[in-house]
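Next comes run24.cif, with mmCIF, C-alpha atoms.
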```cif
data_coords
#
loop_
_atom_site.label_atom_id
_atom_site.label_comp_id
_atom_site.auth_asym_id
_atom_site.auth_seq_id
_atom_site.Cartn_x
_atom_site.Cartn_y
_atom_site.Cartn_z
CA MET L 122 93.53 96.47 163.27
CA ILE L 123 92.12 93.56 161.28
CA GLU L 124 93.79 91.21 158.87
CA ARG L 125 92.01 89.40 156.03
CA GLY L 126 91.93 88.88 152.26
CA HIS L 127 95.31 87.20 151.91
CA TYR L 128 97.02 85.86 148.79
CA GLY L 129 99.65 83.56 150.22
CA GLN L 130 101.55 85.77 152.65
CA PHE L 131 100.43 88.98 150.86
CA GLY L 132 97.39 91.24 151.00
CA GLY L 133 95.24 91.69 154.09
CA ALA L 134 93.50 94.76 155.46
CA TYR L 135 95.73 96.62 157.89
CA ILE L 136 93.37 99.48 158.57
CA PRO L 137 92.48 101.72 161.51
CA GLU L 138 89.51 100.62 163.60
CA ILE L 139 87.53 103.67 162.47
CA LEU L 140 87.58 102.38 158.85
CA VAL L 141 86.48 98.83 159.65
CA ALA L 142 82.75 99.52 159.30
CA THR L 143 83.28 101.27 155.95
CA PHE L 144 85.33 98.38 154.58
CA ASP L 145 82.75 95.91 155.90
CA GLN L 146 79.99 97.84 154.12
CA LEU L 147 81.98 97.87 150.88
CA GLU L 148 82.75 94.16 151.05
CA ALA L 149 79.10 93.31 151.80
CA ALA L 150 77.91 95.42 148.84
CA PHE L 151 80.50 93.77 146.59
CA ARG L 152 79.54 90.23 147.69
CA GLU L 153 75.84 90.99 147.23
CA ALA L 154 76.49 92.41 143.74
CA LYS L 155 78.61 89.39 142.73
CA ASP L 156 75.82 87.05 143.83
CA ASP L 157 73.24 88.99 141.81
CA PRO L 158 73.36 87.91 138.11
CA SER L 159 71.54 91.11 137.09
CA PHE L 160 74.45 93.20 138.38
CA TYR L 161 77.00 91.73 135.97
CA ARG L 162 74.49 91.89 133.11
CA GLU L 163 74.02 95.59 133.87
CA TYR L 164 77.82 96.00 133.93
CA GLU L 165 78.31 94.24 130.58
CA THR L 166 75.50 96.26 129.00
CA LEU L 167 76.96 99.52 130.29
CA MET L 168 80.42 98.67 128.98
CA SER L 169 79.14 97.57 125.57
CA ARG L 170 76.95 100.63 125.00
CA TYR L 171 79.11 103.26 126.70
CA SER L 172 82.70 102.03 126.46
CA CYS L 173 83.12 100.07 123.22
CA ARG L 174 83.36 96.56 124.66
CA PRO L 175 84.33 94.05 123.56
CA THR L 176 87.54 95.78 122.52
CA PRO L 177 89.11 94.12 119.46
CA ILE L 178 92.33 92.17 118.99
CA THR L 179 94.57 93.44 116.19
CA PHE L 180 97.04 91.23 114.30
CA ALA L 181 100.28 93.24 114.06
CA GLU L 182 101.24 91.96 110.64
CA ASN L 183 104.05 94.44 109.97
CA LEU L 184 105.69 93.99 113.37
CA THR L 185 105.44 90.22 112.95
CA ARG L 186 107.24 90.49 109.60
CA HIS L 187 109.81 92.88 111.11
CA PHE L 188 110.83 90.51 113.92
CA GLY L 189 110.39 87.29 111.98
CA GLY L 190 109.30 85.09 114.87
CA ALA L 191 105.99 84.64 116.66
CA ARG L 192 102.82 86.23 115.28
CA ILE L 193 102.10 89.36 117.34
CA PHE L 194 98.56 90.22 118.45
CA ILE L 195 97.44 93.29 120.39
CA LYS L 196 94.44 93.50 122.75
CA ARG L 197 93.14 97.04 122.18
CA GLU L 198 92.08 98.45 125.56
CA ASP L 199 92.91 101.86 124.07
CA PHE L 200 89.51 101.67 122.35
CA ASN L 201 87.71 101.94 125.69
CA HIS L 202 85.85 105.20 126.29
CA THR L 203 88.36 107.57 127.99
CA GLY L 204 91.21 105.69 126.28
CA ALA L 205 92.31 103.00 128.70
CA HIS L 206 91.38 99.86 130.62
CA LYS L 207 90.72 102.08 133.63
CA ALA L 208 87.12 102.56 132.45
CA ASN L 209 86.33 98.90 133.30
CA ASN L 210 87.01 99.38 137.00
CA ALA L 211 85.65 102.93 137.34
CA MET L 212 82.30 102.08 135.76
CA GLY L 213 81.98 98.88 137.79
CA GLN L 214 82.62 100.71 141.04
CA GLY L 215 80.17 103.39 139.90
CA LEU L 216 77.44 100.76 139.77
CA LEU L 217 78.43 99.67 143.28
CA VAL L 218 78.21 103.28 144.51
CA LYS L 219 74.65 103.44 143.18
CA ARG L 220 73.77 100.28 145.12
CA MET L 221 75.31 101.73 148.28
CA GLY L 222 73.41 105.00 147.88
CA LYS L 223 76.42 107.28 148.21
CA LYS L 224 76.63 110.56 146.32
CA ARG L 225 80.34 111.45 146.29
CA VAL L 226 83.39 109.67 144.90
CA ILE L 227 87.10 110.30 145.34
CA ALA L 228 90.06 108.75 143.56
CA GLU L 229 93.83 108.91 143.20
CA THR L 230 95.59 108.87 139.86
CA GLY L 231 99.13 108.81 138.49
CA ALA L 232 98.99 108.83 134.70
CA GLY L 233 95.58 110.48 134.85
CA GLN L 234 93.67 107.75 133.04
CA HIS L 235 92.00 106.49 136.22
CA GLY L 236 91.19 110.07 137.14
CA ILE L 237 89.52 110.69 133.80
CA ALA L 238 87.65 107.38 134.00
CA THR L 239 86.39 108.22 137.52
CA ALA L 240 85.46 111.79 136.58
CA THR L 241 83.60 110.45 133.54
CA MET L 242 81.75 107.89 135.66
CA ALA L 243 80.84 110.61 138.20
CA ALA L 244 79.52 112.87 135.44
CA LYS L 245 77.41 110.07 133.99
CA PHE L 246 75.95 108.98 137.35
CA GLY L 247 75.67 112.47 138.86
CA PHE L 248 78.20 112.05 141.71
CA GLU L 249 80.33 114.81 143.22
CA CYS L 250 83.97 113.98 142.41
CA THR L 251 87.40 114.83 143.84
CA ILE L 252 90.64 113.50 142.31
CA TYR L 253 93.96 113.46 144.18
CA MET L 254 97.09 113.63 142.04
CA GLY L 255 100.78 114.14 142.86
CA GLU L 256 102.07 117.57 141.89
CA VAL L 257 104.70 115.97 139.62
CA ASP L 258 102.01 113.98 137.81
CA VAL L 259 99.78 117.06 137.50
CA ALA L 260 102.61 118.75 135.60
CA ARG L 261 103.42 115.86 133.25
CA GLN L 262 99.80 114.86 132.61
CA ARG L 263 98.28 118.34 132.19
CA PRO L 264 95.95 117.31 129.29
CA ASN L 265 94.31 114.70 131.56
CA VAL L 266 93.93 117.28 134.36
CA PHE L 267 92.23 119.59 131.87
CA TRP L 268 89.68 116.91 130.98
CA MET L 269 89.04 115.89 134.58
CA GLU L 270 88.22 119.49 135.45
CA ARG L 271 86.02 119.91 132.37
CA LEU L 272 84.15 116.75 133.46
CA GLY L 273 83.33 118.52 136.72
CA ALA L 274 85.91 116.97 139.06
CA THR L 275 87.97 118.91 141.57
CA VAL L 276 91.64 117.99 141.04
CA VAL L 277 93.76 118.35 144.19
CA PRO L 278 97.56 118.49 143.61
CA VAL L 279 99.38 116.60 146.40
CA ARG L 280 102.63 118.26 147.44
CA ASP L 281 103.80 115.75 150.09
CA GLY L 282 106.66 113.28 149.68
CA SER L 283 107.73 112.52 146.12
CA ARG L 284 104.52 114.22 144.87
CA THR L 285 103.52 111.12 142.84
CA LEU L 286 100.96 108.33 143.05
CA LYS L 287 101.79 106.94 146.50
CA ASP L 288 101.34 110.38 148.02
CA ALA L 289 98.05 110.89 146.16
CA LEU L 290 96.85 107.55 147.55
CA ASN L 291 97.68 108.63 151.12
CA GLU L 292 95.74 111.86 150.66
CA ALA L 293 92.72 110.03 149.22
CA PHE L 294 92.62 107.76 152.30
CA ARG L 295 92.70 110.84 154.57
CA ASP L 296 89.70 112.27 152.71
CA TRP L 297 87.84 108.95 152.95
CA LEU L 298 88.52 108.76 156.68
CA ALA L 299 86.85 112.14 157.16
CA ASN L 300 83.88 111.57 154.82
CA MET L 301 83.19 107.84 154.81
CA ASP L 302 79.43 108.21 155.41
CA THR L 303 78.81 109.99 152.11
CA THR L 304 81.85 109.09 150.02
CA HIS L 305 83.18 106.04 148.18
CA TYR L 306 86.89 105.75 147.37
CA VAL L 307 87.24 104.47 143.78
CA LEU L 308 90.68 102.91 144.21
CA GLY L 309 92.26 102.67 140.78
CA THR L 310 94.37 99.56 140.88
CA ALA L 311 94.47 96.10 142.42
CA CYS L 312 96.30 97.27 145.53
CA GLY L 313 95.29 98.59 148.93
CA PRO L 314 93.43 96.84 151.73
CA HIS L 315 91.03 93.97 151.12
CA PRO L 316 88.61 93.90 149.30
CA PHE L 317 90.11 96.33 146.75
CA PRO L 318 92.60 93.92 145.08
CA GLU L 319 89.81 91.36 144.54
CA LEU L 320 87.22 93.99 143.62
CA VAL L 321 89.35 95.75 140.98
CA THR L 322 90.48 92.42 139.50
CA TYR L 323 86.83 91.31 139.28
CA PHE L 324 85.97 94.22 136.99
CA GLN L 325 89.21 94.09 134.97
CA ALA L 326 88.90 90.34 134.34
CA ILE L 327 86.52 91.16 131.49
CA VAL L 328 89.68 91.91 129.44
CA GLY L 329 91.14 88.43 129.80
CA ARG L 330 87.86 86.61 129.23
CA GLU L 331 87.34 88.49 126.00
CA ALA L 332 90.95 88.04 124.88
CA ARG L 333 90.88 84.26 125.39
CA GLU L 334 87.67 83.87 123.41
CA GLN L 335 88.91 86.19 120.66
CA MET L 336 92.24 84.39 120.22
CA LEU L 337 90.48 81.03 119.90
CA ARG L 338 88.00 82.50 117.42
CA LEU L 339 90.68 84.29 115.37
CA GLU L 340 93.49 81.71 115.44
CA ASN L 341 91.97 78.58 116.99
CA VAL L 342 94.94 78.60 119.34
CA LEU L 343 95.86 80.19 122.66
CA PRO L 344 98.84 82.57 122.74
CA LYS L 345 102.14 81.10 123.85
CA ARG L 346 102.82 84.23 125.93
CA VAL L 347 100.72 87.15 127.19
CA TYR L 348 102.53 90.42 127.98
CA ALA L 349 101.24 93.26 130.17
CA CYS L 350 102.87 96.25 131.85
CA VAL L 351 102.78 96.34 135.66
CA GLY L 352 102.27 99.47 137.72
CA GLY L 353 99.85 98.68 140.51
CA GLY L 354 98.70 95.65 138.54
CA SER L 355 95.11 96.17 137.35
CA ASN L 356 95.94 95.96 133.65
CA ALA L 357 98.08 92.85 134.08
CA LEU L 358 95.59 91.07 136.33
CA GLY L 359 92.81 91.97 133.91
CA VAL L 360 94.32 90.21 130.91
CA PHE L 361 96.07 87.45 132.91
CA SER L 362 92.75 86.46 134.54
CA GLY L 363 91.56 84.92 131.29
CA PHE L 364 94.55 82.57 131.02
CA LEU L 365 95.41 81.61 134.61
CA ASP L 366 94.09 78.07 134.18
CA ASP L 367 95.87 77.60 130.83
CA ARG L 368 99.26 76.28 131.92
CA SER L 369 100.51 76.32 128.32
CA VAL L 370 100.24 80.12 128.32
CA GLU L 371 103.18 81.94 129.89
CA LEU L 372 102.18 85.20 131.58
CA VAL L 373 104.80 87.98 131.50
CA GLY L 374 104.49 91.12 133.62
CA VAL L 375 106.76 94.02 132.61
CA GLU L 376 107.80 96.65 135.13
CA ALA L 377 109.50 100.02 134.64
CA ALA L 378 113.31 99.80 134.73
CA GLY L 379 113.47 103.60 134.36
CA HIS L 380 117.05 104.72 133.83
CA GLY L 381 118.25 101.13 134.44
CA LEU L 382 118.28 98.78 137.41
CA ASP L 383 121.81 99.81 138.40
CA SER L 384 120.76 103.48 138.54
CA LYS L 385 118.28 102.83 141.37
CA GLN L 386 115.99 105.23 139.47
CA HIS L 387 113.33 102.71 138.54
CA ALA L 388 110.06 101.18 139.78
CA THR L 389 110.73 97.43 139.74
CA ARG L 390 109.32 95.55 142.70
CA LEU L 391 109.02 92.02 141.35
CA SER L 392 111.71 91.85 138.65
CA SER L 393 114.66 93.02 140.73
CA GLU L 394 116.02 92.46 144.22
CA ASP L 395 115.60 96.10 145.22
CA ALA L 396 112.14 95.71 146.78
CA SER L 397 111.31 94.00 150.05
CA ILE L 398 108.17 92.76 151.78
CA GLY L 399 106.43 95.25 154.03
CA VAL L 400 103.09 96.58 155.22
CA ALA L 401 102.04 100.03 154.05
CA GLN L 402 98.91 101.81 152.84
CA GLY L 403 96.80 99.08 154.43
CA TYR L 404 98.22 95.92 152.85
CA LYS L 405 101.25 93.64 152.64
CA THR L 406 103.31 93.30 149.49
CA TYR L 407 106.68 94.15 147.96
CA PHE L 408 107.60 97.83 148.35
CA LEU L 409 110.62 99.81 147.28
CA GLN L 410 111.65 100.88 150.75
CA GLY L 411 114.65 101.55 152.91
CA PRO L 412 115.80 99.44 155.89
CA ASP L 413 113.70 101.64 158.19
CA GLY L 414 110.53 101.05 156.12
CA GLN L 415 110.50 104.52 154.57
CA MET L 416 109.33 104.42 150.94
CA ASN L 417 112.02 105.13 148.33
CA GLU L 418 111.50 107.53 145.47
CA THR L 419 110.77 105.81 142.16
CA HIS L 420 111.18 106.78 138.53
CA SER L 421 109.59 105.90 135.22
CA VAL L 422 108.95 107.82 132.03
CA ALA L 423 105.42 106.39 132.37
CA ALA L 424 103.49 108.07 135.17
CA GLY L 425 101.26 105.02 135.62
CA LEU L 426 104.14 102.66 136.39
CA ASP L 427 106.03 104.44 139.17
CA TYR L 428 103.92 103.29 142.13
CA VAL L 429 106.13 102.17 145.02
CA GLY L 430 104.15 98.97 145.76
CA VAL L 431 102.45 96.31 143.67
CA SER L 432 99.29 94.22 143.81
CA PRO L 433 99.47 91.51 146.50
CA ILE L 434 97.89 89.14 143.98
CA LEU L 435 100.81 89.62 141.58
CA ALA L 436 103.29 89.25 144.45
CA HIS L 437 101.65 85.88 145.17
CA TYR L 438 101.85 84.84 141.50
CA ARG L 439 105.55 85.68 141.56
CA GLU L 440 106.10 83.38 144.53
CA THR L 441 104.10 80.57 142.95
CA GLY L 442 105.84 81.05 139.59
CA ARG L 443 102.60 81.56 137.64
CA VAL L 444 103.78 84.94 136.28
CA ARG L 445 107.28 85.80 135.04
CA PHE L 446 108.36 89.37 135.73
CA GLU L 447 110.72 91.40 133.54
CA ALA L 448 111.62 95.08 133.22
CA ALA L 449 112.05 97.56 130.35
CA THR L 450 113.91 100.86 130.57
CA ASP L 451 112.56 104.26 129.59
CA ARG L 452 114.65 104.15 126.41
CA GLU L 453 113.44 100.67 125.47
CA ALA L 454 109.81 101.72 126.01
CA VAL L 455 110.16 104.88 123.91
CA ASP L 456 111.92 102.92 121.13
CA ALA L 457 109.13 100.29 121.17
CA LEU L 458 106.55 103.07 120.99
CA ALA L 459 108.30 104.65 118.00
CA LEU L 460 108.51 101.31 116.18
CA THR L 461 104.84 100.48 116.82
CA ILE L 462 103.77 103.87 115.49
CA LYS L 463 105.95 103.47 112.40
CA LYS L 464 105.07 99.86 111.59
CA GLU L 465 101.42 99.62 112.62
CA GLY L 466 100.04 103.17 112.89
CA ILE L 467 99.12 102.42 116.52
CA ILE L 468 100.09 104.77 119.37
CA PRO L 469 100.37 102.86 122.67
CA ALA L 470 100.52 104.64 126.01
CA LEU L 471 103.99 104.84 127.53
CA GLU L 472 102.84 102.35 130.15
CA SER L 473 101.80 99.81 127.50
CA SER L 474 105.02 100.44 125.56
CA HIS L 475 106.94 98.62 128.30
CA ALA L 476 104.99 95.44 127.47
CA PHE L 477 105.65 95.99 123.77
CA ALA L 478 109.39 96.40 124.48
CA GLN L 479 109.63 93.07 126.30
CA ALA L 480 107.57 91.27 123.66
CA PHE L 481 109.84 92.67 120.95
CA LYS L 482 112.91 91.34 122.80
CA GLU L 483 111.45 87.82 122.75
CA ALA L 484 109.33 87.55 119.59
CA SER L 485 112.13 86.54 117.22
CA SER L 486 113.20 83.64 119.46
CA LEU L 487 109.79 81.97 119.06
CA ASP L 488 108.47 79.86 116.22
CA PRO L 489 106.27 81.45 113.51
CA SER L 490 103.58 78.97 114.48
CA ASP L 491 103.44 80.61 117.93
CA ALA L 492 101.21 83.58 118.75
CA ILE L 493 101.92 86.15 121.43
CA LEU L 494 99.46 88.68 122.84
CA ILE L 495 100.30 92.17 124.12
CA ASN L 496 97.74 94.01 126.22
CA GLN L 497 97.68 97.65 125.09
CA SER L 498 96.32 99.16 128.28
CA GLY L 499 95.80 102.64 126.87
CA ARG L 500 96.45 105.09 124.07
CA GLY L 501 99.46 107.35 123.91
CA ASP L 502 98.00 110.72 123.05
CA LYS L 503 97.85 111.51 126.78
CA ASP L 504 101.66 111.28 126.79
CA ILE L 505 102.28 113.72 123.95
CA PHE L 506 104.32 116.17 126.04
CA THR L 507 106.58 113.43 127.45
CA ILE L 508 106.92 111.65 124.11
CA ALA L 509 107.71 114.88 122.26
CA ASP L 510 110.44 115.57 124.82
CA ALA L 511 111.82 112.04 124.42
CA PHE L 512 111.91 112.44 120.63
CA ASP L 513 113.32 115.98 121.04
CA ASP L 514 110.85 117.09 118.38
CA PRO L 515 111.78 120.64 117.25
CA SER L 516 108.42 121.36 115.60
CA TRP L 517 106.55 120.51 118.80
CA ARG L 518 108.98 122.62 120.86
CA ASN L 519 108.42 125.62 118.58
CA PHE L 520 104.65 125.08 118.80
CA ILE L 521 104.78 125.19 122.62
CA ILE L 522 106.98 128.32 122.58
CA ASP L 523 104.63 130.08 120.15
CA LYS L 524 101.61 129.05 122.22
CA ALA L 525 103.22 130.33 125.43
CA GLU L 526 104.07 133.64 123.82
CA ALA L 527 100.49 133.98 122.57
CA TYR L 528 99.17 133.36 126.12
CA ARG L 529 101.62 135.94 127.55
CA ALA L 530 100.47 138.51 125.00
CA ARG L 531 96.84 137.97 126.05
CA SER L 532 97.54 138.20 129.82
#
```

I'd like the structure from this file rewritten - as structure tokens, please.
Amino acid sequence: MIERGHYGQFGGAYIPEILVATFDQLEAAFREAKDDPSFYREYETLMSRYSCRPTPITFAENLTRHFGGARIFIKREDFNHTGAHKANNAMGQGLLVKRMGKKRVIAETGAGQHGIATATMAAKFGFECTIYMGEVDVARQRPNVFWMERLGATVVPVRDGSRTLKDALNEAFRDWLANMDTTHYVLGTACGPHPFPELVTYFQAIVGREAREQMLRLENVLPKRVYACVGGGSNALGVFSGFLDDRSVELVGVEAAGHGLDSKQHATRLSSEDASIGVAQGYKTYFLQGPDGQMNETHSVAAGLDYVGVSPILAHYRETGRVRFEAATDREAVDALALTIKKEGIIPALESSHAFAQAFKEASSLDPSDAILINQSGRGDKDIFTIADAFDDPSWRNFIIDKAEAYRARS
């Protein structure tokens, strides 16, 4: 066992001896790439020509008028190719895989956006690709599974444990352990053993750098607050990275309160007292776990927010007070989604809707001279089945019934 890559008391690399050489190789490739200016130029060129970077910032004029407080701006990561910020990390790691000379990639995914981004990267670069996904997430994110398979990936449903993201992550590590000579594990968020938290944050930081420059260009002022949803933490760390040195900017991470904090059916690790510090899946952070260290089951309407742990970097920012953590319930997120659709014609992902919900709670208490920025991590069309259920939409229900009957008639 080795221990390194700490953020305060969090992080590290608690890995079996057999994986040490693989992690050493990955860290060496990452350090070499970071020290090579041509690597980041290649990354920026790829993202600008393939993934619509820089993504724009939208002034939410109607929402601002509705709440009557701070001016609301939205960083539009939904414009990325594949529909979410996940493309930033997947494409960056794809370039690293090329440098390392490996030919196969694996990944885990919850909401499916990281799976699609990885499958897309593999198709573009010609890698073999396997995606691990909890059986529960396979069912609620079927459209994303469809696209991953069409992109050439093999999607493996994981039936262990709660059949969600943490179980998919365990299965991906087992695969990597057996195939480390030929395979790179494209970890999807800023969690896991060192160097993954640093590596994923490095690629996602492009969001925050852009956002800071764009706010100054648009408004000649930095936002008073920046809001981002928090699952594993890649989206939040991406946008927060641009403002960490700006002490006038308050950074607000929003976790999934699910059915409510009192229900215990939630996924809050940093905004409630239900999580505790532990070591699991190769790193040290806050986990939702029992007294014996067994992971608890989590719940969120957003598949990308129900991970049982959280980035060790965010855990450190909580201890140092640099980031404030809040939580929004399923109902609050769905209501924020509905309002954003109605007022702005923008469809945020359910994950992003948690950040919108918290911003909406606070916007009216700020001065109209203030600006706030919400990071829209992805677009909501991937969530159409869940959202239609939440809205109890009768037309959609009848469409699904008719479609099912048509399939039965053909079989």

Pick from L:Val455, L:Leu435, L:Ala211, L:Leu147 nearest to Asp504 (chain L), counting only C-alpha atoms
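Going through L:Val455, L:Leu435, L:Ala211, L:Leu147 one by one, the smallest distance to Asp504 (chain L) is for L:Val455.
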
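Proximity to Phe267 (chain L) was assessed for L:Ile237, L:Met242, L:Val279, L:Ile462 counting only C-alpha atoms; the smallest distance is recorded for L:Ile237.
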
Using all atoms listed in the file, which of L:Ser169, L:Thr185, L:Ser159, L:Thr251 sits nearest Ala480 (chain L)?
L:Thr185

Could you please determine the separation between CA of Glu440 (chain L) and CA of Leu409 (chain L) in Å, to one decimal place?
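These two atoms are separated by 17.3 Å.
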
So which residues touch region 445-452 of chain L within 8 Å, counting all atoms listed in the file, skipping near sequence neighbours fewer than 2 positions away, as a ChimeraX atom specification?
/L:371-381,389,391-392,421-423,439,442-443,454-456,475-476,478-479

Nearest residue to Ala293 (chain L) out of L:Ile227, L:Ile434, L:Val347, L:Ala388, using only C-alpha atoms?
L:Ile227

Kindly resolve the PyMOL selection byres ((chain L and resi 328) around 9) on the present coordinates and return the residues as a ChimeraX atom specification.
/L:175-176,196,198,206,209,324-327,329-333,356,359-363,496

Which value, in Å to one decimal, gives the distance between CA of Phe248 (chain L) and CA of Leu167 (chain L)?
17.0 Å

For the file shown, report as a ChimeraX atom specification the outcome of the PyMOL selection byres ((chain L and resi 287) around 10) at residue level.
/L:229-231,254-255,279,281-286,288-293,402,416,418,427-430

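Between CA of Ser473 (chain L) and CA of Gly399 (chain L) there is a distance of 27.3 Å.
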
Take the PyMOL selection byres ((chain L and resi 344) around 6), apply it to the structure above, and return the hits as an MDAnalysis selection string.
chainID L and resid 343 345:346 492:493

Give me, as a ChimeraX atom specification, all polymer residues having an atom no more than 10 Å from Val307 (chain L), counting all atoms listed in the file and skipping those fewer than 4 positions away in the same chain.
/L:210-215,218,226-229,235-236,239,252,293,317,321

Could you please take those selected residues and save C-alpha atoms as a PDB file, in the coordinates of the input?
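Writing done, so here's out_36.pdb:
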```
ATOM      1  CA  ASN L 210      87.010  99.380 137.000  1.00  0.00           C
ATOM      2  CA  ALA L 211      85.650 102.930 137.340  1.00  0.00           C
ATOM      3  CA  MET L 212      82.300 102.080 135.760  1.00  0.00           C
ATOM      4  CA  GLY L 213      81.980  98.880 137.790  1.00  0.00           C
ATOM      5  CA  GLN L 214      82.620 100.710 141.040  1.00  0.00           C
ATOM      6  CA  GLY L 215      80.170 103.390 139.900  1.00  0.00           C
ATOM      7  CA  VAL L 218      78.210 103.280 144.510  1.00  0.00           C
ATOM      8  CA  VAL L 226      83.390 109.670 144.900  1.00  0.00           C
ATOM      9  CA  ILE L 227      87.100 110.300 145.340  1.00  0.00           C
ATOM     10  CA  ALA L 228      90.060 108.750 143.560  1.00  0.00           C
ATOM     11  CA  GLU L 229      93.830 108.910 143.200  1.00  0.00           C
ATOM     12  CA  HIS L 235      92.000 106.490 136.220  1.00  0.00           C
ATOM     13  CA  GLY L 236      91.190 110.070 137.140  1.00  0.00           C
ATOM     14  CA  THR L 239      86.390 108.220 137.520  1.00  0.00           C
ATOM     15  CA  ILE L 252      90.640 113.500 142.310  1.00  0.00           C
ATOM     16  CA  ALA L 293      92.720 110.030 149.220  1.00  0.00           C
ATOM     17  CA  PHE L 317      90.110  96.330 146.750  1.00  0.00           C
ATOM     18  CA  VAL L 321      89.350  95.750 140.980  1.00  0.00           C
TER      19      VAL L 321
END
```

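The smallest atom-to-atom distance between Cys312 (chain L) and any of L:Thr275, L:Asn300, L:Thr406, L:Asn183, using only C-alpha atoms, is found for L:Thr406.
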
Report as number ranges by chain all protein, DNA and RNA residues lying within 10 Å of Gln234 (chain L), evaluated on all atoms listed in the file, omitting residues in the same chain fewer than 5 positions from it.
L: 203-208, 239-240, 262, 265-266, 269, 309, 425, 499-500, 503

Output C-alpha atoms for every residue in the selection just made, as an mmCIF file, in the coordinates of the input.
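Below is the file selection15.cif, written as the result:
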```cif
data_model
loop_
_atom_site.group_PDB
_atom_site.id
_atom_site.type_symbol
_atom_site.label_atom_id
_atom_site.label_comp_id
_atom_site.auth_asym_id
_atom_site.auth_seq_id
_atom_site.Cartn_x
_atom_site.Cartn_y
_atom_site.Cartn_z
ATOM 1 C CA THR L 203 88.360 107.570 127.990
ATOM 2 C CA GLY L 204 91.210 105.690 126.280
ATOM 3 C CA ALA L 205 92.310 103.000 128.700
ATOM 4 C CA HIS L 206 91.380 99.860 130.620
ATOM 5 C CA LYS L 207 90.720 102.080 133.630
ATOM 6 C CA ALA L 208 87.120 102.560 132.450
ATOM 7 C CA THR L 239 86.390 108.220 137.520
ATOM 8 C CA ALA L 240 85.460 111.790 136.580
ATOM 9 C CA GLN L 262 99.800 114.860 132.610
ATOM 10 C CA ASN L 265 94.310 114.700 131.560
ATOM 11 C CA VAL L 266 93.930 117.280 134.360
ATOM 12 C CA MET L 269 89.040 115.890 134.580
ATOM 13 C CA GLY L 309 92.260 102.670 140.780
ATOM 14 C CA GLY L 425 101.260 105.020 135.620
ATOM 15 C CA GLY L 499 95.800 102.640 126.870
ATOM 16 C CA ARG L 500 96.450 105.090 124.070
ATOM 17 C CA LYS L 503 97.850 111.510 126.780
#
```

Given the point (89.7, 92.3, 153.7) in the coordinates of this file, which residues lie within 8 Å, counting only C-alpha atoms, and how would they look as an NGL selection string?
:L and (124-127 or 133-134 or 144 or 148 or 314-316)

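Proximity to His437 (chain L) at 7 Å, evaluated using all atoms listed in the file and with sequence-adjacent residues fewer than 4 positions away removed, yields Tyr128, Gly129, Phe131, Pro433 and Thr441 of chain L.
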
Residue among L:Gln497, L:Gln415, L:Ser369, L:Ser516 lying closest to Ile195 (chain L), counting all atoms listed in the file:
L:Gln497
